[in-house]
>>> print(open('work-v5.pdb').read())   # PDB, C-alpha atoms and all ligand atoms
ATOM      1  CA  MET A   1      96.705 107.455  80.109
ATOM      2  CA  ASN A   2      97.403 103.982  81.504
ATOM      3  CA  ASP A   3      96.192 102.851  84.942
ATOM      4  CA  THR A   4      99.575 103.256  86.631
ATOM      5  CA  LEU A   5      99.982 106.849  85.476
ATOM      6  CA  LYS A   6      96.363 107.623  86.385
ATOM      7  CA  THR A   7      97.008 106.340  89.930
ATOM      8  CA  ILE A   8     100.108 108.512  90.263
ATOM      9  CA  PHE A   9      98.539 111.640  88.819
ATOM     10  CA  THR A  10      95.188 111.472  90.619
ATOM     11  CA  ARG A  11      96.509 110.612  94.099
ATOM     12  CA  ARG A  12      96.007 113.292  96.711
ATOM     13  CA  SER A  13      96.398 113.148 100.477
ATOM     14  CA  ILE A  14      93.030 112.265 102.006
ATOM     15  CA  ARG A  15      92.455 113.431 105.570
ATOM     16  CA  ARG A  16      88.737 112.725 106.107
ATOM     17  CA  PHE A  17      87.446 109.188 105.831
ATOM     18  CA  SER A  18      84.091 107.394 105.642
ATOM     19  CA  ASP A  19      83.084 104.470 107.883
ATOM     20  CA  LYS A  20      83.613 101.922 105.110
ATOM     21  CA  VAL A  21      85.944  99.127 106.183
ATOM     22  CA  ILE A  22      88.966  98.115 104.116
ATOM     23  CA  SER A  23      88.828  94.393 103.304
ATOM     24  CA  ASP A  24      91.500  92.017 104.581
ATOM     25  CA  ALA A  25      92.430  91.208 100.979
ATOM     26  CA  ASP A  26      93.038  94.901 100.232
ATOM     27  CA  VAL A  27      95.053  95.309 103.449
ATOM     28  CA  LYS A  28      97.263  92.454 102.295
ATOM     29  CA  THR A  29      97.676  93.958  98.818
ATOM     30  CA  ILE A  30      98.683  97.325 100.294
ATOM     31  CA  LEU A  31     101.262  95.699 102.568
ATOM     32  CA  GLN A  32     102.594  93.520  99.768
ATOM     33  CA  ALA A  33     103.073  96.625  97.613
ATOM     34  CA  GLY A  34     105.040  98.109 100.498
ATOM     35  CA  MET A  35     107.298  95.068 100.404
ATOM     36  CA  ASP A  36     107.872  95.234  96.683
ATOM     37  CA  GLY A  37     109.855  98.448  96.185
ATOM     38  CA  PRO A  38     113.556  98.860  95.517
ATOM     39  CA  SER A  39     115.815  98.885  98.580
ATOM     40  CA  CYS A  40     119.484  99.359  99.309
ATOM     41  CA  CYS A  41     121.350  96.076  98.631
ATOM     42  CA  ASN A  42     117.927  94.431  98.600
ATOM     43  CA  SER A  43     118.085  94.634 102.407
ATOM     44  CA  ARG A  44     114.458  95.854 102.809
ATOM     45  CA  CYS A  45     115.137  97.586 106.103
ATOM     46  CA  TRP A  46     111.531  97.951 107.197
ATOM     47  CA  SER A  47     108.788  96.416 109.289
ATOM     48  CA  PHE A  48     105.150  97.444 109.304
ATOM     49  CA  ILE A  49     102.857  97.659 112.335
ATOM     50  CA  VAL A  50      99.233  97.437 111.202
ATOM     51  CA  VAL A  51      96.744  99.049 113.568
ATOM     52  CA  ARG A  52      92.960  98.877 113.271
ATOM     53  CA  ASP A  53      92.087  99.472 116.917
ATOM     54  CA  LYS A  54      90.499 102.948 117.252
ATOM     55  CA  ASP A  55      91.854 103.543 120.726
ATOM     56  CA  MET A  56      95.384 102.813 119.542
ATOM     57  CA  MET A  57      94.976 105.089 116.503
ATOM     58  CA  ASN A  58      93.922 107.911 118.841
ATOM     59  CA  LYS A  59      97.024 107.235 120.930
ATOM     60  CA  MET A  60      99.169 107.346 117.780
ATOM     61  CA  ALA A  61      97.617 110.734 116.908
ATOM     62  CA  ASP A  62      98.413 112.025 120.408
ATOM     63  CA  ALA A  63     101.952 110.664 120.174
ATOM     64  CA  ASN A  64     102.585 112.518 116.902
ATOM     65  CA  VAL A  65     101.632 115.752 118.738
ATOM     66  CA  GLU A  66     100.287 117.706 115.738
ATOM     67  CA  TYR A  67      98.975 117.298 112.195
ATOM     68  CA  ALA A  68      97.867 113.718 112.888
ATOM     69  CA  GLU A  69      94.108 114.227 113.278
ATOM     70  CA  PRO A  70      93.266 112.003 110.256
ATOM     71  CA  LEU A  71      94.189 109.004 112.436
ATOM     72  CA  ARG A  72      91.118 109.621 114.581
ATOM     73  CA  GLN A  73      88.824 108.818 111.627
ATOM     74  CA  ALA A  74      90.982 106.331 109.771
ATOM     75  CA  ASP A  75      90.020 102.697 109.292
ATOM     76  CA  MET A  76      93.641 101.575 109.474
ATOM     77  CA  ALA A  77      97.047 102.944 110.283
ATOM     78  CA  VAL A  78     100.377 101.487 109.293
ATOM     79  CA  LEU A  79     103.466 102.497 111.215
ATOM     80  CA  VAL A  80     106.363 101.982 108.832
ATOM     81  CA  CYS A  81     109.480 101.291 110.881
ATOM     82  CA  GLY A  82     113.125 101.060 109.949
ATOM     83  CA  ASP A  83     114.787  97.811 110.992
ATOM     84  CA  LEU A  84     118.439  98.548 111.737
ATOM     85  CA  SER A  85     119.191  94.855 112.222
ATOM     86  CA  ARG A  86     118.918  94.556 108.430
ATOM     87  CA  THR A  87     121.451  97.303 107.632
ATOM     88  CA  THR A  88     124.488  95.048 108.140
ATOM     89  CA  LEU A  89     125.034  94.825 104.363
ATOM     90  CA  PHE A  90     125.952  98.515 104.164
ATOM     91  CA  PRO A  91     127.660  99.404 107.467
ATOM     92  CA  ASN A  92     129.124 102.692 106.173
ATOM     93  CA  SER A  93     125.822 104.049 104.965
ATOM     94  CA  ARG A  94     123.236 102.778 107.382
ATOM     95  CA  GLU A  95     121.085 105.843 106.713
ATOM     96  CA  PHE A  96     119.827 104.137 103.568
ATOM     97  CA  TRP A  97     117.187 102.588 105.845
ATOM     98  CA  VAL A  98     115.358 105.917 105.700
ATOM     99  CA  ILE A  99     115.072 105.683 101.930
ATOM    100  CA  ASP A 100     113.883 102.073 102.064
ATOM    101  CA  GLY A 101     111.160 103.166 104.497
ATOM    102  CA  ALA A 102     110.051 106.053 102.306
ATOM    103  CA  ILE A 103     109.784 103.822  99.254
ATOM    104  CA  ALA A 104     107.797 101.240 101.228
ATOM    105  CA  ALA A 105     105.423 103.964 102.400
ATOM    106  CA  GLU A 106     104.894 105.453  98.937
ATOM    107  CA  ASN A 107     104.383 102.033  97.345
ATOM    108  CA  GLN A 108     101.658 101.325  99.924
ATOM    109  CA  ILE A 109     100.010 104.688  99.263
ATOM    110  CA  LEU A 110      99.948 104.152  95.495
ATOM    111  CA  ALA A 111      98.568 100.622  95.875
ATOM    112  CA  ALA A 112      95.817 101.953  98.146
ATOM    113  CA  GLU A 113      94.987 104.714  95.667
ATOM    114  CA  SER A 114      94.668 102.157  92.869
ATOM    115  CA  LEU A 115      92.115 100.300  95.035
ATOM    116  CA  GLY A 116      90.082 103.461  95.668
ATOM    117  CA  ILE A 117      91.404 103.751  99.240
ATOM    118  CA  GLY A 118      92.546 107.175 100.415
ATOM    119  CA  SER A 119      95.546 107.823 102.614
ATOM    120  CA  VAL A 120      97.782 110.447 104.100
ATOM    121  CA  TRP A 121     101.420 110.198 105.120
ATOM    122  CA  LEU A 122     102.043 111.434 108.650
ATOM    123  CA  GLY A 123     105.702 112.116 109.286
ATOM    124  CA  VAL A 124     107.436 110.619 112.310
ATOM    125  CA  TRP A 125     111.201 110.375 111.648
ATOM    126  CA  PRO A 126     113.270 112.582 112.077
ATOM    127  CA  VAL A 127     111.110 114.589 114.501
ATOM    128  CA  LYS A 128     112.704 113.544 117.808
ATOM    129  CA  GLU A 129     109.589 113.957 119.944
ATOM    130  CA  ARG A 130     107.445 111.876 117.565
ATOM    131  CA  VAL A 131     110.085 109.150 117.296
ATOM    132  CA  ALA A 132     110.366 108.971 121.089
ATOM    133  CA  ASN A 133     106.593 108.974 121.609
ATOM    134  CA  GLN A 134     105.826 106.292 119.004
ATOM    135  CA  THR A 135     108.727 104.184 120.296
ATOM    136  CA  ALA A 136     107.284 104.368 123.801
ATOM    137  CA  LEU A 137     103.702 103.750 122.660
ATOM    138  CA  PHE A 138     104.634 100.580 120.748
ATOM    139  CA  GLN A 139     107.435  99.593 123.144
ATOM    140  CA  LEU A 140     109.756  99.166 120.174
ATOM    141  CA  PRO A 141     113.092  97.410 120.599
ATOM    142  CA  ASP A 142     116.249  99.505 120.071
ATOM    143  CA  HIS A 143     116.832  98.407 116.471
ATOM    144  CA  ILE A 144     113.332  99.409 115.315
ATOM    145  CA  ILE A 145     112.877 103.109 114.445
ATOM    146  CA  PRO A 146     109.422 104.540 113.713
ATOM    147  CA  HIS A 147     109.677 106.168 110.277
ATOM    148  CA  SER A 148     106.226 107.249 109.147
ATOM    149  CA  ILE A 149     102.550 106.590 109.701
ATOM    150  CA  ILE A 150     100.106 106.114 106.858
ATOM    151  CA  ALA A 151      96.452 106.676 107.767
ATOM    152  CA  TYR A 152      94.057 104.809 105.457
ATOM    153  CA  GLY A 153      90.355 104.842 104.765
ATOM    154  CA  TYR A 154      87.797 105.315 102.043
ATOM    155  CA  PRO A 155      87.503 109.042 101.328
ATOM    156  CA  ALA A 156      84.650 110.861 103.089
ATOM    157  CA  GLU A 157      82.117 112.580 100.863
ATOM    158  CA  GLY A 158      83.574 115.718  99.357
ATOM    159  CA  GLU A 159      87.129 114.381  99.665
ATOM    160  CA  ALA A 160      87.335 113.467  95.990
ATOM    161  CA  PRO A 161      90.707 114.292  94.501
ATOM    162  CA  GLY A 162      90.946 117.615  92.675
ATOM    163  CA  PRO A 163      93.668 119.935  91.486
ATOM    164  CA  ARG A 164      96.151 121.036  94.139
ATOM    165  CA  PRO A 165      95.668 124.754  94.765
ATOM    166  CA  GLY A 166      98.701 126.799  93.777
ATOM    167  CA  ARG A 167     100.655 123.817  92.528
ATOM    168  CA  PRO A 168     101.344 123.562  88.810
ATOM    169  CA  GLU A 169     101.258 120.190  87.087
ATOM    170  CA  TRP A 170     104.590 120.816  85.418
ATOM    171  CA  GLU A 171     107.436 122.970  86.752
ATOM    172  CA  GLU A 172     109.886 123.583  83.960
ATOM    173  CA  ASP A 173     112.270 125.522  86.224
ATOM    174  CA  ARG A 174     112.805 122.364  88.333
ATOM    175  CA  ILE A 175     114.255 120.494  85.383
ATOM    176  CA  HIS A 176     117.850 120.902  84.276
ATOM    177  CA  TRP A 177     118.396 119.307  80.913
ATOM    178  CA  GLU A 178     121.831 117.734  80.566
ATOM    179  CA  LYS A 179     123.552 120.255  82.960
ATOM    180  CA  TRP A 180     122.756 122.491  85.964
TER     181      TRP A 180
HETATM  182  C1  LIG B   1     107.625 113.057 104.868
HETATM  183  C2  LIG B   1     106.190 113.526 104.852
HETATM  184  C3  LIG B   1     105.608 113.929 106.034
HETATM  185  C4  LIG B   1     104.261 114.350 106.050
HETATM  186  N1  LIG B   1     103.686 114.656 107.248
HETATM  187  C5  LIG B   1     102.381 115.011 107.284
HETATM  188  C6  LIG B   1     101.728 115.234 108.535
HETATM  189  O1  LIG B   1     102.332 115.106 109.615
HETATM  190  N2  LIG B   1     100.421 115.558 108.518
HETATM  191  C7  LIG B   1      99.718 115.693 107.336
HETATM  192  O2  LIG B   1      98.515 116.002 107.405
HETATM  193  N3  LIG B   1     100.300 115.482 106.135
HETATM  194  C8  LIG B   1     101.603 115.137 106.078
HETATM  195  N4  LIG B   1     102.202 114.855 104.875
HETATM  196  C9  LIG B   1     101.437 114.968 103.616
HETATM  197  C10 LIG B   1     101.828 116.248 102.846
HETATM  198  O3  LIG B   1     101.316 117.382 103.535
HETATM  199  C11 LIG B   1     101.245 116.178 101.415
HETATM  200  O4  LIG B   1     101.770 115.052 100.758
HETATM  201  C12 LIG B   1     101.601 117.429 100.616
HETATM  202  O5  LIG B   1     100.947 118.576 101.153
HETATM  203  C13 LIG B   1     101.192 117.314  99.131
HETATM  204  O6  LIG B   1      99.823 117.032  99.013
HETATM  205  P1  LIG B   1      99.334 115.700  98.268
HETATM  206  O7  LIG B   1      99.813 114.516  99.052
HETATM  207  O8  LIG B   1      97.834 115.808  98.234
HETATM  208  O9  LIG B   1      99.951 115.707  96.906
HETATM  209  C14 LIG B   1     103.524 114.413 104.835
HETATM  210  C15 LIG B   1     104.130 113.992 103.649
HETATM  211  C16 LIG B   1     105.443 113.541 103.654
HETATM  212  C17 LIG B   1     106.044 113.042 102.360
END
>>> encode(input="work-v5.pdb", output="structure tokens", more="lines below")
Ligand SMILES: Cc1cc2nc3c(=O)[nH]c(=O)nc-3n(C[C@H](O)[C@H](O)[C@H](O)COP(=O)(O)O)c2cc1C
Amino acid sequence: MNDTLKTIFTRRSIRRFSDKVISDADVKTILQAGMDGPSCCNSRCWSFIVVRDKDMMNKMADANVEYAEPLRQADMAVLVCGDLSRTTLFPNSREFWVIDGAIAAENQILAAESLGIGSVWLGVWPVKERVANQTALFQLPDHIIPHSIIAYGYPAEGEAPGPRPGRPEWEEDRIHWEKW
């Protein structure tokens, strides 16, 4: 199996992190991977807010209300935001910004995995309360919509990736060959 496929197949959400610090070079690589995905009309409707301050990461966890505890241990959080000022190329389908954001987030996650850095995606958009809370916390301008948070860190001991319980590797009934 080549390295790319290994990265995809071994990635798992990591929710407990060690104290090891992610290097600035690796932070840059992760962000660059986020910038390098496909996007609607090449408009790249995203911005990233990189947070390493522990107090702020705790506030982000509070603002997401639930299921965001990994932020309290993470070494870094990235708030992926949609940038509506960049959607002018496709005025009738502005919602494509959501897809651009998701691709940016997943590209970051896979780059981190390839560097041995664990992560977990914490959903923000379209949960209204989370969007409102993160917007207030970061004092975002109107055209910037918080999309998702990725919490990053080196996996804590015992967090090594393993098989996902109850989830098969291949689901034949999800595939429709040639027709529905
Ligand atoms: C849109 C989205 C939102 C998610 N939100 C959360 C979340 O709020 N908290 C959390 O712990 N995990 C969250 N996850 C991670 C999923 O729970 C996880 O990807 C899924 O259970 C599959 O496990 P795996 O990532 O290890 O393959 C989210 C994932 C996605 C794609």
>>> atom_distance(input="work-v5.pdb", atom1="CA of Ala63 (chain A)", atom2="CA of Val124 (chain A)")
9.6 Å
>>> resolve_selection(input="work-v5.pdb", expression="the PyMOL selection byres (((chain A and resi 103-109) around 6) and not hetatm)", output="PyMOL selection string")
chain A and resi 30+33-34+100-102+110-112
>>> write_last_selection(input="work-v5.pdb", atoms="C-alpha atoms", output="short mmCIF file (atom, residue, chain, number, x, y, z; two decimals), in the coordinates of the input")
data_model
loop_
_atom_site.label_atom_id
_atom_site.label_comp_id
_atom_site.auth_asym_id
_atom_site.auth_seq_id
_atom_site.Cartn_x
_atom_site.Cartn_y
_atom_site.Cartn_z
CA ILE A 30 98.68 97.32 100.29
CA ALA A 33 103.07 96.62 97.61
CA GLY A 34 105.04 98.11 100.50
CA ASP A 100 113.88 102.07 102.06
CA GLY A 101 111.16 103.17 104.50
CA ALA A 102 110.05 106.05 102.31
CA LEU A 110 99.95 104.15 95.50
CA ALA A 111 98.57 100.62 95.88
CA ALA A 112 95.82 101.95 98.15
#
>>> resolve_selection(input="work-v5.pdb", expression="the PyMOL selection byres (((chain A and resi 126) around 12) and not hetatm)", output="number ranges by chain")
A: 64, 81-82, 95, 98, 122-125, 127-132, 134, 145-148
>>> closest_residue(input="work-v5.pdb", among="A:Leu79, A:Tyr152, A:Phe48, A:Met56", to="Ser119 (chain A)", atoms="all atoms listed in the file")
A:Tyr152
>>> residues_near_ligand(input="work-v5.pdb", ligand="ligand LIG 1 (chain B)", cutoff="7 Å", atoms="all atoms listed in the file", output="ChimeraX atom specification")
/A:11-13,15,66-68,120-123,164
>>> write_last_selection(input="work-v5.pdb", atoms="C-alpha atoms", output="mmCIF file, in the frame of the given file")
data_model
loop_
_atom_site.group_PDB
_atom_site.id
_atom_site.type_symbol
_atom_site.label_atom_id
_atom_site.label_comp_id
_atom_site.auth_asym_id
_atom_site.auth_seq_id
_atom_site.Cartn_x
_atom_site.Cartn_y
_atom_site.Cartn_z
ATOM 1 C CA ARG A 11 96.509 110.612 94.099
ATOM 2 C CA ARG A 12 96.007 113.292 96.711
ATOM 3 C CA SER A 13 96.398 113.148 100.477
ATOM 4 C CA ARG A 15 92.455 113.431 105.570
ATOM 5 C CA GLU A 66 100.287 117.706 115.738
ATOM 6 C CA TYR A 67 98.975 117.298 112.195
ATOM 7 C CA ALA A 68 97.867 113.718 112.888
ATOM 8 C CA VAL A 120 97.782 110.447 104.100
ATOM 9 C CA TRP A 121 101.420 110.198 105.120
ATOM 10 C CA LEU A 122 102.043 111.434 108.650
ATOM 11 C CA GLY A 123 105.702 112.116 109.286
ATOM 12 C CA ARG A 164 96.151 121.036 94.139
#
>>> closest_atom_pairs(input="work-v5.pdb", of="region 46-148 of chain A", to="region 18-29 of chain A", cutoff="8 Å", atoms="all atoms listed in the file", output="JSON lines")
{"residue": "A:Gln73", "atom": "CA", "partner": "A:Ser18", "partner_atom": "CA", "distance": 7.8}
{"residue": "A:Asp75", "atom": "CA", "partner": "A:Val21", "partner_atom": "CA", "distance": 6.2}
{"residue": "A:Met76", "atom": "CA", "partner": "A:Ile22", "partner_atom": "CA", "distance": 7.9}
{"residue": "A:Ala111", "atom": "CA", "partner": "A:Thr29", "partner_atom": "CA", "distance": 7.3}
{"residue": "A:Ala112", "atom": "CA", "partner": "A:Asp26", "partner_atom": "CA", "distance": 7.9}
{"residue": "A:Leu115", "atom": "CA", "partner": "A:Asp26", "partner_atom": "CA", "distance": 7.6}
{"residue": "A:Ile117", "atom": "CA", "partner": "A:Ile22", "partner_atom": "CA", "distance": 7.8}
>>> atom_distance(input="work-v5.pdb", atom1="CA of Thr88 (chain A)", atom2="CA of Pro38 (chain A)")
17.1 Å
>>> residues_around(input="work-v5.pdb", residues="Ile144 (chain A)", least_positions_apart="4", cutoff="9 Å", atoms="all atoms listed in the file", output="NGL selection string")
:A and (46-47 or 81-85 or 135 or 140)
>>> write_last_selection(input="work-v5.pdb", atoms="C-alpha atoms", output="PDB file, in the frame of the given file")
ATOM      1  CA  TRP A  46     111.531  97.951 107.197  1.00  0.00           C
ATOM      2  CA  SER A  47     108.788  96.416 109.289  1.00  0.00           C
ATOM      3  CA  CYS A  81     109.480 101.291 110.881  1.00  0.00           C
ATOM      4  CA  GLY A  82     113.125 101.060 109.949  1.00  0.00           C
ATOM      5  CA  ASP A  83     114.787  97.811 110.992  1.00  0.00           C
ATOM      6  CA  LEU A  84     118.439  98.548 111.737  1.00  0.00           C
ATOM      7  CA  SER A  85     119.191  94.855 112.222  1.00  0.00           C
ATOM      8  CA  THR A 135     108.727 104.184 120.296  1.00  0.00           C
ATOM      9  CA  LEU A 140     109.756  99.166 120.174  1.00  0.00           C
TER      10      LEU A 140
END
>>> atom_distance(input="work-v5.pdb", atom1="CA of Pro165 (chain A)", atom2="CA of Thr7 (chain A)")
19.1 Å
>>> residues_around(input="work-v5.pdb", residues="Pro155 (chain A)", least_positions_apart="3", cutoff="6 Å", atoms="all atoms listed in the file", output="ChimeraX atom specification")
/A:17-18,118,159
>>> write_last_selection(input="work-v5.pdb", atoms="C-alpha atoms", output="CSV table (one decimal), in the coordinates of the input")
chain,number,residue,atom,x,y,z
A,17,PHE,CA,87.4,109.2,105.8
A,18,SER,CA,84.1,107.4,105.6
A,118,GLY,CA,92.5,107.2,100.4
A,159,GLU,CA,87.1,114.4,99.7
>>> closest_residue(input="work-v5.pdb", among="A:Met57, A:Pro141, A:Glu169, A:Ser114", to="Ile8 (chain A)", atoms="only C-alpha atoms")
A:Ser114
>>> residues_around(input="work-v5.pdb", residues="Leu89 (chain A)", least_positions_apart="6", cutoff="12 Å", atoms="all atoms listed in the file", output="PyMOL selection string")
chain A and resi 39-45+95-97
